[in-house]
Every structure is written in C-alpha cells, then in structure tokens.
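Engineer: Structure file my_file23.txt (compact mmCIF, C-alpha atoms and all ligand atoms) right here:
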```
# COMPACT_ATOMS: atom_id res chain seq x y z
CA MET C 185 -69.71 30.39 53.61
CA MET C 186 -65.93 30.08 53.61
CA TYR C 187 -64.96 33.40 52.04
CA GLU C 188 -66.48 36.53 50.55
CA GLY C 189 -64.41 38.54 48.09
CA LYS C 190 -65.10 41.60 45.96
CA SER C 191 -66.86 39.65 43.22
CA LYS C 192 -67.52 36.14 44.57
CA ARG C 193 -68.80 34.21 47.56
CA VAL C 194 -67.26 30.80 48.19
CA TYR C 195 -69.06 28.02 50.10
CA VAL C 196 -67.77 24.61 51.18
CA LYS C 197 -69.72 21.73 49.61
CA ASN C 198 -67.56 18.91 50.99
CA SER C 199 -63.89 18.24 51.75
CA ASN C 200 -62.97 18.25 48.02
CA THR C 201 -65.50 20.64 46.53
CA LEU C 202 -66.46 24.32 46.76
CA ILE C 203 -69.40 26.31 45.46
CA MET C 204 -68.47 29.63 43.86
CA GLU C 205 -71.23 32.23 43.59
CA PHE C 206 -70.59 35.21 41.32
CA LYS C 207 -71.90 38.50 42.75
CA ASP C 208 -73.30 41.46 40.80
CA THR C 209 -70.85 43.77 42.56
CA VAL C 210 -68.26 45.40 40.31
CA THR C 211 -65.11 47.01 41.65
CA ALA C 212 -62.18 48.86 40.14
CA LEU C 213 -59.04 50.62 41.33
CA ASP C 214 -58.32 47.91 43.95
CA GLY C 215 -61.81 48.24 45.41
CA ALA C 216 -61.82 52.07 45.59
CA ARG C 217 -64.67 52.20 43.05
CA ILE C 218 -67.60 49.88 43.76
CA ALA C 219 -71.08 49.51 42.23
CA GLU C 220 -73.90 47.01 41.71
CA ALA C 221 -74.32 45.78 38.15
CA PRO C 222 -77.42 43.52 37.97
CA GLY C 223 -76.68 40.62 35.63
CA LYS C 224 -72.92 40.66 36.05
CA GLY C 225 -72.86 37.56 38.28
CA ILE C 226 -74.73 35.42 35.75
CA LEU C 227 -72.63 36.68 32.83
CA ASN C 228 -69.34 36.03 34.61
CA ALA C 229 -70.37 32.59 35.86
CA ALA C 230 -71.52 31.59 32.35
CA LEU C 231 -68.33 32.86 30.71
CA THR C 232 -66.08 31.28 33.34
CA ALA C 233 -67.86 27.93 32.92
CA TYR C 234 -67.56 28.24 29.12
CA PHE C 235 -63.84 29.07 29.12
CA PHE C 236 -62.80 26.53 31.77
CA ASP C 237 -64.81 23.78 30.07
CA MET C 238 -63.13 24.66 26.76
CA LEU C 239 -59.67 24.59 28.41
CA LYS C 240 -60.45 21.17 29.92
CA LYS C 241 -61.40 19.84 26.47
CA GLU C 242 -58.05 21.18 25.23
CA GLY C 243 -56.31 19.14 27.96
CA ILE C 244 -55.60 22.05 30.33
CA GLU C 245 -56.51 20.85 33.80
CA ASN C 246 -58.41 23.34 35.98
CA HIS C 247 -60.70 23.56 39.00
CA PHE C 248 -64.02 23.68 37.09
CA MET C 249 -66.50 20.86 37.74
CA ASP C 250 -70.05 22.01 37.06
CA TYR C 251 -72.25 25.01 36.20
CA ASP C 252 -75.81 25.51 37.52
CA GLY C 253 -76.88 27.65 34.52
CA CYS C 254 -77.19 30.74 36.70
CA ARG C 255 -74.53 32.39 38.91
CA VAL C 256 -72.97 29.34 40.58
CA ILE C 257 -70.15 27.03 39.56
CA THR C 258 -68.87 23.98 41.45
CA VAL C 259 -65.11 23.75 41.66
CA LYS C 260 -62.36 21.60 43.10
CA LYS C 261 -61.28 22.80 46.55
CA LEU C 262 -57.84 24.43 46.36
CA ASN C 263 -55.55 26.41 48.59
CA MET C 264 -55.04 29.56 46.51
CA VAL C 265 -51.56 30.99 45.93
CA PRO C 266 -51.66 34.81 46.44
CA ILE C 267 -50.29 35.53 42.98
CA GLU C 268 -51.94 37.00 39.88
CA VAL C 269 -50.46 35.67 36.66
CA ILE C 270 -50.98 38.13 33.82
CA VAL C 271 -50.49 37.19 30.18
CA ARG C 272 -50.15 40.01 27.65
CA ASN C 273 -50.27 39.95 23.85
CA TYR C 274 -50.37 43.74 23.41
CA ALA C 275 -49.01 46.60 25.51
CA TYR C 276 -51.80 48.06 27.64
CA GLY C 277 -52.79 48.98 31.20
CA SER C 278 -50.15 48.65 33.88
CA LEU C 279 -47.48 47.61 31.36
CA ILE C 280 -47.68 51.05 29.77
CA LYS C 281 -47.84 52.73 33.18
CA ARG C 282 -44.58 51.15 34.24
CA LEU C 283 -42.92 51.52 30.83
CA PRO C 284 -44.40 54.41 28.81
CA LEU C 285 -42.13 53.61 25.86
CA PHE C 286 -44.91 51.47 24.38
CA LYS C 287 -47.68 52.97 22.29
CA PRO C 288 -50.99 51.48 23.55
CA LEU C 289 -51.88 48.25 21.74
CA THR C 290 -48.40 47.65 20.34
CA LYS C 291 -48.18 43.92 19.62
CA LEU C 292 -45.54 42.28 21.80
CA THR C 293 -42.95 40.24 19.94
CA THR C 294 -43.83 37.24 22.12
CA PRO C 295 -46.56 36.94 24.76
CA LEU C 296 -45.42 38.17 28.16
CA VAL C 297 -46.15 36.35 31.43
CA GLU C 298 -46.00 38.47 34.59
CA PHE C 299 -46.33 37.61 38.28
CA HIS C 300 -48.05 40.06 40.65
CA TYR C 301 -48.32 39.67 44.42
CA LYS C 302 -52.00 39.82 45.37
CA SER C 303 -52.41 42.73 47.77
CA ASP C 304 -54.93 45.59 47.45
CA GLU C 305 -52.88 47.58 49.97
CA LEU C 306 -49.76 47.33 47.79
CA HIS C 307 -51.77 47.53 44.51
CA ASP C 308 -50.77 44.02 43.36
CA PRO C 309 -47.10 44.82 42.68
CA LEU C 310 -45.18 43.18 39.84
CA ILE C 311 -42.71 40.64 41.23
CA LEU C 312 -39.92 38.61 39.64
CA PRO C 313 -40.14 34.85 39.11
CA GLU C 314 -37.13 34.72 41.44
CA ASP C 315 -39.20 36.53 44.11
CA VAL C 316 -41.89 33.87 43.75
CA VAL C 317 -39.32 31.12 44.35
CA ASN C 318 -37.26 32.88 47.05
CA SER C 319 -40.36 33.81 49.05
CA GLY C 320 -41.45 30.16 49.03
CA LEU C 321 -44.72 30.88 47.19
CA MET C 322 -43.81 28.37 44.43
CA SER C 323 -40.87 26.15 43.56
CA LEU C 324 -38.86 26.81 40.38
CA ASP C 325 -40.53 23.82 38.66
CA GLU C 326 -43.93 25.20 39.65
CA VAL C 327 -43.06 28.63 38.21
CA LYS C 328 -42.10 26.89 34.94
CA TYR C 329 -45.37 24.91 34.98
CA VAL C 330 -47.39 28.11 35.57
CA ILE C 331 -45.64 29.95 32.72
CA LEU C 332 -46.16 27.08 30.25
CA THR C 333 -49.77 26.49 31.30
CA SER C 334 -50.62 30.20 31.14
CA LEU C 335 -49.13 30.42 27.63
CA ARG C 336 -51.20 27.41 26.55
CA VAL C 337 -54.31 29.09 27.97
CA ASN C 338 -53.36 32.18 25.95
CA GLU C 339 -53.15 30.12 22.74
CA VAL C 340 -56.57 28.54 23.29
CA LEU C 341 -58.30 31.81 24.26
CA THR C 342 -56.62 33.81 21.48
CA ARG C 343 -57.69 31.25 18.87
CA ARG C 344 -61.32 31.04 20.06
CA LEU C 345 -61.73 34.82 20.38
CA SER C 346 -60.15 35.44 17.01
CA GLU C 347 -62.63 32.96 15.44
CA CYS C 348 -65.30 35.36 16.74
CA GLY C 349 -63.54 38.42 15.30
CA LEU C 350 -62.21 39.48 18.72
CA ARG C 351 -58.69 40.38 19.83
CA LEU C 352 -57.33 39.18 23.18
CA ILE C 353 -55.18 41.95 24.66
CA ASP C 354 -54.37 40.48 28.08
CA PHE C 355 -55.85 38.51 30.97
CA LYS C 356 -55.27 37.42 34.55
CA LEU C 357 -55.11 33.87 35.91
CA GLU C 358 -54.79 32.42 39.39
CA TYR C 359 -53.59 29.04 40.61
CA GLY C 360 -54.19 26.99 43.75
CA ARG C 361 -52.95 23.76 45.34
CA ASP C 362 -55.06 20.61 45.60
CA LEU C 363 -54.99 18.11 48.48
CA ASN C 364 -51.82 16.56 46.97
CA ASN C 365 -50.16 20.00 46.87
CA LYS C 366 -50.35 20.04 43.05
CA LEU C 367 -50.88 23.42 41.36
CA VAL C 368 -54.14 23.71 39.42
CA LEU C 369 -55.47 26.57 37.29
CA ALA C 370 -58.39 28.22 39.13
CA ASP C 371 -60.49 31.34 39.85
CA GLU C 372 -62.40 32.87 36.91
CA ILE C 373 -62.03 33.92 33.28
CA SER C 374 -64.62 36.56 32.44
CA GLY C 375 -65.05 40.17 31.35
CA ASP C 376 -63.65 41.11 34.78
CA THR C 377 -60.32 39.40 34.14
CA ILE C 378 -59.62 39.81 30.43
CA ARG C 379 -59.29 42.66 27.94
CA VAL C 380 -60.94 41.96 24.59
CA LEU C 381 -61.48 44.32 21.66
CA ASP C 382 -63.86 43.92 18.75
CA SER C 383 -62.88 44.89 15.20
CA ASP C 384 -64.02 48.49 15.84
CA GLY C 385 -61.72 48.72 18.86
CA ARG C 386 -64.61 48.56 21.35
CA HIS C 387 -63.88 47.00 24.75
CA LEU C 388 -66.00 43.94 25.62
CA ASP C 389 -64.59 43.95 29.15
CA LYS C 390 -64.30 45.97 32.37
CA GLU C 391 -62.10 48.71 30.91
CA LEU C 392 -64.88 51.29 30.42
CA PHE C 393 -65.95 50.91 34.05
CA ARG C 394 -62.33 51.30 35.20
CA ARG C 395 -62.27 54.60 33.29
CA GLY C 396 -65.40 55.89 35.02
CA GLY C 397 -68.15 54.47 32.74
CA GLY C 398 -71.49 53.24 34.10
CA VAL C 399 -72.73 49.75 34.94
CA ASP C 400 -75.22 49.66 32.05
CA ASP C 401 -72.38 49.89 29.52
CA LEU C 402 -70.45 47.26 31.46
CA ILE C 403 -73.36 44.79 31.30
CA LYS C 404 -73.88 45.52 27.60
CA ALA C 405 -70.19 44.84 26.91
CA TYR C 406 -70.20 41.56 28.91
CA ALA C 407 -73.44 40.42 27.25
CA LEU C 408 -71.98 41.18 23.83
CA LEU C 409 -68.86 39.15 24.66
CA ALA C 410 -71.04 36.18 25.66
CA GLN C 411 -73.16 36.57 22.53
CA ARG C 412 -70.14 36.73 20.20
CA LEU C 413 -68.80 33.52 21.76
CA GLY C 414 -72.19 31.82 21.43
CA VAL C 415 -72.61 31.51 25.21
CA ASN C 416 -76.33 31.34 25.92
CA VAL C 417 -77.13 33.59 28.88
CA THR C 418 -80.20 35.70 29.62
CA VAL C 419 -79.65 38.76 31.80
P1 LIG S 1 -53.18 45.46 34.10
O1 LIG S 1 -52.01 44.90 34.88
O2 LIG S 1 -52.76 45.99 32.78
O3 LIG S 1 -53.99 46.42 34.91
O4 LIG S 1 -54.15 44.22 33.81
C1 LIG S 1 -53.78 43.18 32.93
C2 LIG S 1 -54.93 42.19 32.80
O5 LIG S 1 -55.13 41.49 34.01
C3 LIG S 1 -56.28 42.83 32.46
O6 LIG S 1 -56.95 41.99 31.53
C4 LIG S 1 -57.04 42.87 33.76
O7 LIG S 1 -58.41 42.66 33.55
C5 LIG S 1 -56.43 41.72 34.55
N1 LIG S 1 -56.23 42.08 35.96
C6 LIG S 1 -55.13 42.64 36.51
N2 LIG S 1 -55.30 42.83 37.83
C7 LIG S 1 -56.52 42.38 38.13
C8 LIG S 1 -57.27 42.31 39.35
O8 LIG S 1 -56.83 42.68 40.44
N3 LIG S 1 -58.52 41.78 39.26
C9 LIG S 1 -59.05 41.34 38.07
N4 LIG S 1 -60.29 40.85 38.06
N5 LIG S 1 -58.36 41.38 36.91
C10 LIG S 1 -57.11 41.90 36.93
```
Go through the file and emit its structure as structure tokens.
Structural biologist:
Amino acid sequence: MMYEGKSKRVYVKNSNTLIMEFKDTVTALDGARIAEAPGKGILNAALTAYFFDMLKKEGIENHFMDYDGCRVITVKKLNMVPIEVIVRNYAYGSLIKRLPLFKPLTKLTTPLVEFHYKSDELHDPLILPEDVVNSGLMSLDEVKYVILTSLRVNEVLTRRLSECGLRLIDFKLEYGRDLNNKLVLADEISGDTIRVLDSDGRHLDKELFRRGGGVDDLIKAYALLAQRLGVNVTV
C-alpha cells in the first residue's frame, strides 16, 4: 500500500500503474465527522469508472484505466498536485459562506472555476490562480489548461446529468503529473465529490450527511444517482 486517505487506499501495481480501492468510510467537515457506510465504496468506484470512461470517450484525457466491477479501479500513476479545483454552476456551499449575497441555488452567469489548497488543517482555503503560479504548484499555461479542461468536464457532466433529469450544482476535481511531468485529470468523480439535485430538489450526493443525516440516506442517495445514470451496481 502506498497511501491511505479518508475514502481510498492506493496500492502500487507497477512503475506506471496504481490500484485505487474505494473504502466504505464517509467523512465530512474535513474529517471531523466520520462513519462507516457499507456499500459506499462500490457505488463510488462504479460512478468514478462510469464518469471517467465517459470523459475519455469525449476526448478528455484522465488517469482511468480499468474497473474490476467492485470497489477497485486501476489508474495511471501520477504525482498529485495538492489543489482542489471546484467548478460551480449555481451558488451553494462555501461560495455562499464566503459571499452571503447569493441566494442558495442562484444560477451563475458563467460557470466558476476555483482553486483551493488541499489542507484539512487550513480547511482547504480558496487561493488565487496567481497563488498557484507564484507558489510553483503549476505554471501559468498549466493553470489555463486546468481551467479549460475543468470547464469541458463541466459541459460533459452537465449534459449527461440533465439527460437524466438531474441538475449539476458543483463538483471537485484533482490533477496529477505523469512521468513526463504532464498534468492529467485524476482522483474520483462520485457522490462524494459532486452536488446533484433531482427535479424535486432532493440531493443525490453527500450533502445530507454533511448536514448531520445518517449513512442509510447517504447510500440511498448514491444508489439513486447510479440508477438514474444507468450505472449497474448492486449494493
Ligand atoms: P464547497 O466548496 O461548496 O464546500 O464544495 C463545492 C463542491 O466541491 C461540492 O460538490 C463538494 O462535494 C466538492 N468538494 C469540496 N471540497 C471537497 C473535499 O474536501 N472533498 C470532497 N470529496 N469534495 C469536496
């Protein structure tokens, strides 16, 4: 095992390939709230495989290679950049916290791309694109590539979810560097990392758990998201 995080274990397969195992553990509030949600690992692995495969078919390169049909995906080995890229279509969550002028779920005039420095201790603070460049985390061209790629991901996800009658509020992406130092889209895209509403305004994501809800409702919401997308997964 190379690394164990809050929701995944990562194993080295060979010099170019990693095995990513999705755990049933669910956390919120930067790890302050933690619980076991049996079935979450399988649901998140299946959804991540589904979304990354779809993005690949749309010509958006990413780390996904293979899915074992259970809780494990095989991915390209990358050196992760400690930045969370958040794309927003509607005002929600930390955007409203930092700028309470927005009514929740106000549609943004254009999608917003934010950079956050990954640090539980600092609560993943919002940083400027200039901070990303000046700190040496990415070059200016890389920042431009990440913004354009993240917006393309937003287009693909928004279109697919809307075909299923679902509304994509926001989501988080991460990027890493391959052996040639090239940035590649990575990590996961699942109920843990997106906010999605159905036509009745119900969350098919982690939001209810963040607000104190139980793990049963979380699993139901994730399973419903998979079902609506036609992702075949038995929990
Ligand atoms: P917010 O910044 O409003 O809390 O989150 C915006 C979006 O990014 C949400 O869809 C949320 O799920 C995702 N997100 C933000 N921070 C994290 C994080 O630390 N971990 C995960 N899994 N998702 C995050």
Engineer: For C:Arg217, which residue out of C:His247, C:Arg361, C:Arg193, C:Arg394 is the nearest one, using all atoms listed in the file?
Structural biologist: C:Arg394
Engineer: From the set C:Leu292, C:Ala275, C:Leu363, C:Leu335, which residue has the shortest atom-to-atom contact distance to ligand LIG 1 (chain S), counting all atoms listed in the file?
Structural biologist: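 Ranked by minimum distance to ligand LIG 1 (chain S), first place goes to C:Ala275.
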Engineer: Find the nearest atom pair between each residue of chain C and ligand LIG 1 (chain S) for residues within 9 Å, count only C-alpha atoms and all ligand atoms, give distances in Å to one decimal, sort rows by chain and ascending number, and present the table as JSON lines.
Structural biologist:
```
{"residue": "C:Ser191", "atom": "CA", "partner": "S:LIG1", "partner_atom": "N4", "distance": 8.4}
{"residue": "C:Thr211", "atom": "CA", "partner": "S:LIG1", "partner_atom": "N4", "distance": 8.6}
{"residue": "C:Ala212", "atom": "CA", "partner": "S:LIG1", "partner_atom": "N3", "distance": 8.0}
{"residue": "C:Leu213", "atom": "CA", "partner": "S:LIG1", "partner_atom": "O8", "distance": 8.3}
{"residue": "C:Asp214", "atom": "CA", "partner": "S:LIG1", "partner_atom": "O8", "distance": 6.5}
{"residue": "C:Gly215", "atom": "CA", "partner": "S:LIG1", "partner_atom": "O8", "distance": 9.0}
{"residue": "C:Glu268", "atom": "CA", "partner": "S:LIG1", "partner_atom": "N2", "distance": 7.0}
{"residue": "C:Val269", "atom": "CA", "partner": "S:LIG1", "partner_atom": "O5", "distance": 7.9}
{"residue": "C:Ile270", "atom": "CA", "partner": "S:LIG1", "partner_atom": "O5", "distance": 5.3}
{"residue": "C:Val271", "atom": "CA", "partner": "S:LIG1", "partner_atom": "C2", "distance": 7.2}
{"residue": "C:Arg272", "atom": "CA", "partner": "S:LIG1", "partner_atom": "C1", "distance": 7.1}
{"residue": "C:Ala275", "atom": "CA", "partner": "S:LIG1", "partner_atom": "O2", "distance": 8.2}
{"residue": "C:Tyr276", "atom": "CA", "partner": "S:LIG1", "partner_atom": "O2", "distance": 5.6}
{"residue": "C:Gly277", "atom": "CA", "partner": "S:LIG1", "partner_atom": "O2", "distance": 3.4}
{"residue": "C:Ser278", "atom": "CA", "partner": "S:LIG1", "partner_atom": "O2", "distance": 3.9}
{"residue": "C:Leu279", "atom": "CA", "partner": "S:LIG1", "partner_atom": "O2", "distance": 5.7}
{"residue": "C:Ile280", "atom": "CA", "partner": "S:LIG1", "partner_atom": "O2", "distance": 7.8}
{"residue": "C:Lys281", "atom": "CA", "partner": "S:LIG1", "partner_atom": "O2", "distance": 8.4}
{"residue": "C:Glu298", "atom": "CA", "partner": "S:LIG1", "partner_atom": "O1", "distance": 8.8}
{"residue": "C:His300", "atom": "CA", "partner": "S:LIG1", "partner_atom": "N2", "distance": 8.3}
{"residue": "C:Lys302", "atom": "CA", "partner": "S:LIG1", "partner_atom": "O8", "distance": 7.5}
{"residue": "C:Ser303", "atom": "CA", "partner": "S:LIG1", "partner_atom": "O8", "distance": 8.6}
{"residue": "C:Asp304", "atom": "CA", "partner": "S:LIG1", "partner_atom": "O8", "distance": 7.8}
{"residue": "C:His307", "atom": "CA", "partner": "S:LIG1", "partner_atom": "O8", "distance": 8.1}
{"residue": "C:Asp308", "atom": "CA", "partner": "S:LIG1", "partner_atom": "O8", "distance": 6.9}
{"residue": "C:Leu310", "atom": "CA", "partner": "S:LIG1", "partner_atom": "O1", "distance": 8.6}
{"residue": "C:Leu352", "atom": "CA", "partner": "S:LIG1", "partner_atom": "O6", "distance": 8.8}
{"residue": "C:Ile353", "atom": "CA", "partner": "S:LIG1", "partner_atom": "O6", "distance": 7.1}
{"residue": "C:Asp354", "atom": "CA", "partner": "S:LIG1", "partner_atom": "O6", "distance": 4.6}
{"residue": "C:Phe355", "atom": "CA", "partner": "S:LIG1", "partner_atom": "O6", "distance": 3.7}
{"residue": "C:Lys356", "atom": "CA", "partner": "S:LIG1", "partner_atom": "O5", "distance": 4.1}
{"residue": "C:Leu357", "atom": "CA", "partner": "S:LIG1", "partner_atom": "O5", "distance": 7.9}
{"residue": "C:Glu372", "atom": "CA", "partner": "S:LIG1", "partner_atom": "N4", "distance": 8.3}
{"residue": "C:Ile373", "atom": "CA", "partner": "S:LIG1", "partner_atom": "N4", "distance": 8.6}
{"residue": "C:Ser374", "atom": "CA", "partner": "S:LIG1", "partner_atom": "N4", "distance": 8.3}
{"residue": "C:Gly375", "atom": "CA", "partner": "S:LIG1", "partner_atom": "O7", "distance": 7.4}
{"residue": "C:Asp376", "atom": "CA", "partner": "S:LIG1", "partner_atom": "N4", "distance": 4.7}
{"residue": "C:Thr377", "atom": "CA", "partner": "S:LIG1", "partner_atom": "O7", "distance": 3.8}
{"residue": "C:Ile378", "atom": "CA", "partner": "S:LIG1", "partner_atom": "O6", "distance": 3.6}
{"residue": "C:Arg379", "atom": "CA", "partner": "S:LIG1", "partner_atom": "O6", "distance": 4.3}
{"residue": "C:Val380", "atom": "CA", "partner": "S:LIG1", "partner_atom": "O6", "distance": 8.0}
{"residue": "C:Asp389", "atom": "CA", "partner": "S:LIG1", "partner_atom": "O7", "distance": 7.7}
{"residue": "C:Lys390", "atom": "CA", "partner": "S:LIG1", "partner_atom": "O7", "distance": 6.9}
{"residue": "C:Glu391", "atom": "CA", "partner": "S:LIG1", "partner_atom": "O7", "distance": 7.6}
```
Engineer: Can you measure atom CA of C:Glu205 to atom CA of C:Val256 for me? One decimal in Å is fine.
Structural biologist: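 Here the two named atoms are 4.5 Å from each other.
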Engineer: Can you tell me, as AutoDock Vina command-line options, the centre and edge lengths (Å, one decimal) of the axis-aligned box enclosing all of stretch 255-262 of chain C's listed atoms after padding each side by 8 Å?
Structural biologist:
```
--center_x -66.2 --center_y 27.0 --center_z 42.7 --size_x 32.7 --size_y 26.8 --size_z 23.6
```
Engineer: Tell me which of C:Arg336, C:Arg412, C:Asp371, C:Glu188 sits closest to C:Gly243, counting only C-alpha atoms.
Structural biologist: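 Under the stated criterion, the closest residue is C:Arg336.
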Engineer: Of the candidates C:Gly396, C:Pro309, C:Pro295, C:Gly349, which one gets nearest to C:Ile331 if we count all atoms listed in the file?
Structural biologist: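 Among the listed residues, C:Pro295 lies closest to C:Ile331.
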Engineer: Go through C:Ile203, C:Met186, C:Val399, C:Leu413 and flag the residue nearest C:Ala219, using all atoms listed in the file for the distances.
Structural biologist: C:Val399
Engineer: Using all atoms listed in the file, pick whichever of C:Val196, C:Ala370, C:Ile218, C:Leu296 has the shortest atom-to-atom distance to C:Lys240.
Structural biologist: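 Smallest distance to C:Lys240 is found for C:Ala370.
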Engineer: Start from the incomplete input, build N, CA and C atoms for stretch 387-407 of chain C, and deliver everything as a PDB file, in the frame of the given file.
Structural biologist:
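What follows is the written file rebuild.pdb:
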```
ATOM      1  N   HIS C 387     -64.193  47.926  23.665  1.00  0.00           N
ATOM      2  CA  HIS C 387     -63.880  47.000  24.750  1.00  0.00           C
ATOM      3  C   HIS C 387     -65.096  46.158  25.113  1.00  0.00           C
ATOM      4  N   LEU C 388     -64.928  44.812  25.125  1.00  0.00           N
ATOM      5  CA  LEU C 388     -66.000  43.940  25.620  1.00  0.00           C
ATOM      6  C   LEU C 388     -65.593  43.427  26.996  1.00  0.00           C
ATOM      7  N   ASP C 389     -65.155  44.326  27.857  1.00  0.00           N
ATOM      8  CA  ASP C 389     -64.590  43.950  29.150  1.00  0.00           C
ATOM      9  C   ASP C 389     -64.780  45.078  30.153  1.00  0.00           C
ATOM     10  N   LYS C 390     -64.068  45.021  31.275  1.00  0.00           N
ATOM     11  CA  LYS C 390     -64.300  45.970  32.370  1.00  0.00           C
ATOM     12  C   LYS C 390     -63.644  47.332  32.175  1.00  0.00           C
ATOM     13  N   GLU C 391     -62.916  47.507  31.063  1.00  0.00           N
ATOM     14  CA  GLU C 391     -62.100  48.710  30.910  1.00  0.00           C
ATOM     15  C   GLU C 391     -62.895  50.020  31.015  1.00  0.00           C
ATOM     16  N   LEU C 392     -64.090  50.041  30.404  1.00  0.00           N
ATOM     17  CA  LEU C 392     -64.880  51.290  30.420  1.00  0.00           C
ATOM     18  C   LEU C 392     -65.252  51.660  31.850  1.00  0.00           C
ATOM     19  N   PHE C 393     -65.606  50.635  32.644  1.00  0.00           N
ATOM     20  CA  PHE C 393     -65.950  50.910  34.050  1.00  0.00           C
ATOM     21  C   PHE C 393     -64.728  51.415  34.817  1.00  0.00           C
ATOM     22  N   ARG C 394     -63.565  50.824  34.531  1.00  0.00           N
ATOM     23  CA  ARG C 394     -62.330  51.300  35.200  1.00  0.00           C
ATOM     24  C   ARG C 394     -62.094  52.773  34.895  1.00  0.00           C
ATOM     25  N   ARG C 395     -62.494  53.200  33.685  1.00  0.00           N
ATOM     26  CA  ARG C 395     -62.270  54.600  33.290  1.00  0.00           C
ATOM     27  C   ARG C 395     -63.418  55.514  33.696  1.00  0.00           C
ATOM     28  N   GLY C 396     -64.350  55.016  34.507  1.00  0.00           N
ATOM     29  CA  GLY C 396     -65.400  55.890  35.020  1.00  0.00           C
ATOM     30  C   GLY C 396     -66.756  55.679  34.363  1.00  0.00           C
ATOM     31  N   GLY C 397     -66.866  54.741  33.417  1.00  0.00           N
ATOM     32  CA  GLY C 397     -68.150  54.470  32.740  1.00  0.00           C
ATOM     33  C   GLY C 397     -69.155  53.823  33.684  1.00  0.00           C
ATOM     34  N   GLY C 398     -70.428  53.755  33.238  1.00  0.00           N
ATOM     35  CA  GLY C 398     -71.490  53.240  34.100  1.00  0.00           C
ATOM     36  C   GLY C 398     -71.675  51.738  33.991  1.00  0.00           C
ATOM     37  N   VAL C 399     -72.523  51.205  34.899  1.00  0.00           N
ATOM     38  CA  VAL C 399     -72.730  49.750  34.940  1.00  0.00           C
ATOM     39  C   VAL C 399     -73.557  49.254  33.751  1.00  0.00           C
ATOM     40  N   ASP C 400     -74.414  50.104  33.198  1.00  0.00           N
ATOM     41  CA  ASP C 400     -75.220  49.660  32.050  1.00  0.00           C
ATOM     42  C   ASP C 400     -74.315  49.308  30.867  1.00  0.00           C
ATOM     43  N   ASP C 401     -73.317  50.159  30.616  1.00  0.00           N
ATOM     44  CA  ASP C 401     -72.380  49.890  29.520  1.00  0.00           C
ATOM     45  C   ASP C 401     -71.553  48.635  29.798  1.00  0.00           C
ATOM     46  N   LEU C 402     -71.226  48.451  31.070  1.00  0.00           N
ATOM     47  CA  LEU C 402     -70.450  47.260  31.460  1.00  0.00           C
ATOM     48  C   LEU C 402     -71.251  45.993  31.139  1.00  0.00           C
ATOM     49  N   ILE C 403     -72.520  45.978  31.539  1.00  0.00           N
ATOM     50  CA  ILE C 403     -73.360  44.790  31.300  1.00  0.00           C
ATOM     51  C   ILE C 403     -73.539  44.569  29.790  1.00  0.00           C
ATOM     52  N   LYS C 404     -73.726  45.650  29.054  1.00  0.00           N
ATOM     53  CA  LYS C 404     -73.880  45.520  27.600  1.00  0.00           C
ATOM     54  C   LYS C 404     -72.623  44.892  26.988  1.00  0.00           C
ATOM     55  N   ALA C 405     -71.463  45.363  27.445  1.00  0.00           N
ATOM     56  CA  ALA C 405     -70.190  44.840  26.910  1.00  0.00           C
ATOM     57  C   ALA C 405     -70.032  43.357  27.251  1.00  0.00           C
ATOM     58  N   TYR C 406     -70.346  42.963  28.493  1.00  0.00           N
ATOM     59  CA  TYR C 406     -70.200  41.560  28.910  1.00  0.00           C
ATOM     60  C   TYR C 406     -71.193  40.674  28.144  1.00  0.00           C
ATOM     61  N   ALA C 407     -72.417  41.199  27.952  1.00  0.00           N
ATOM     62  CA  ALA C 407     -73.440  40.420  27.250  1.00  0.00           C
ATOM     63  C   ALA C 407     -73.038  40.228  25.783  1.00  0.00           C
TER      64      ALA C 407
END
```
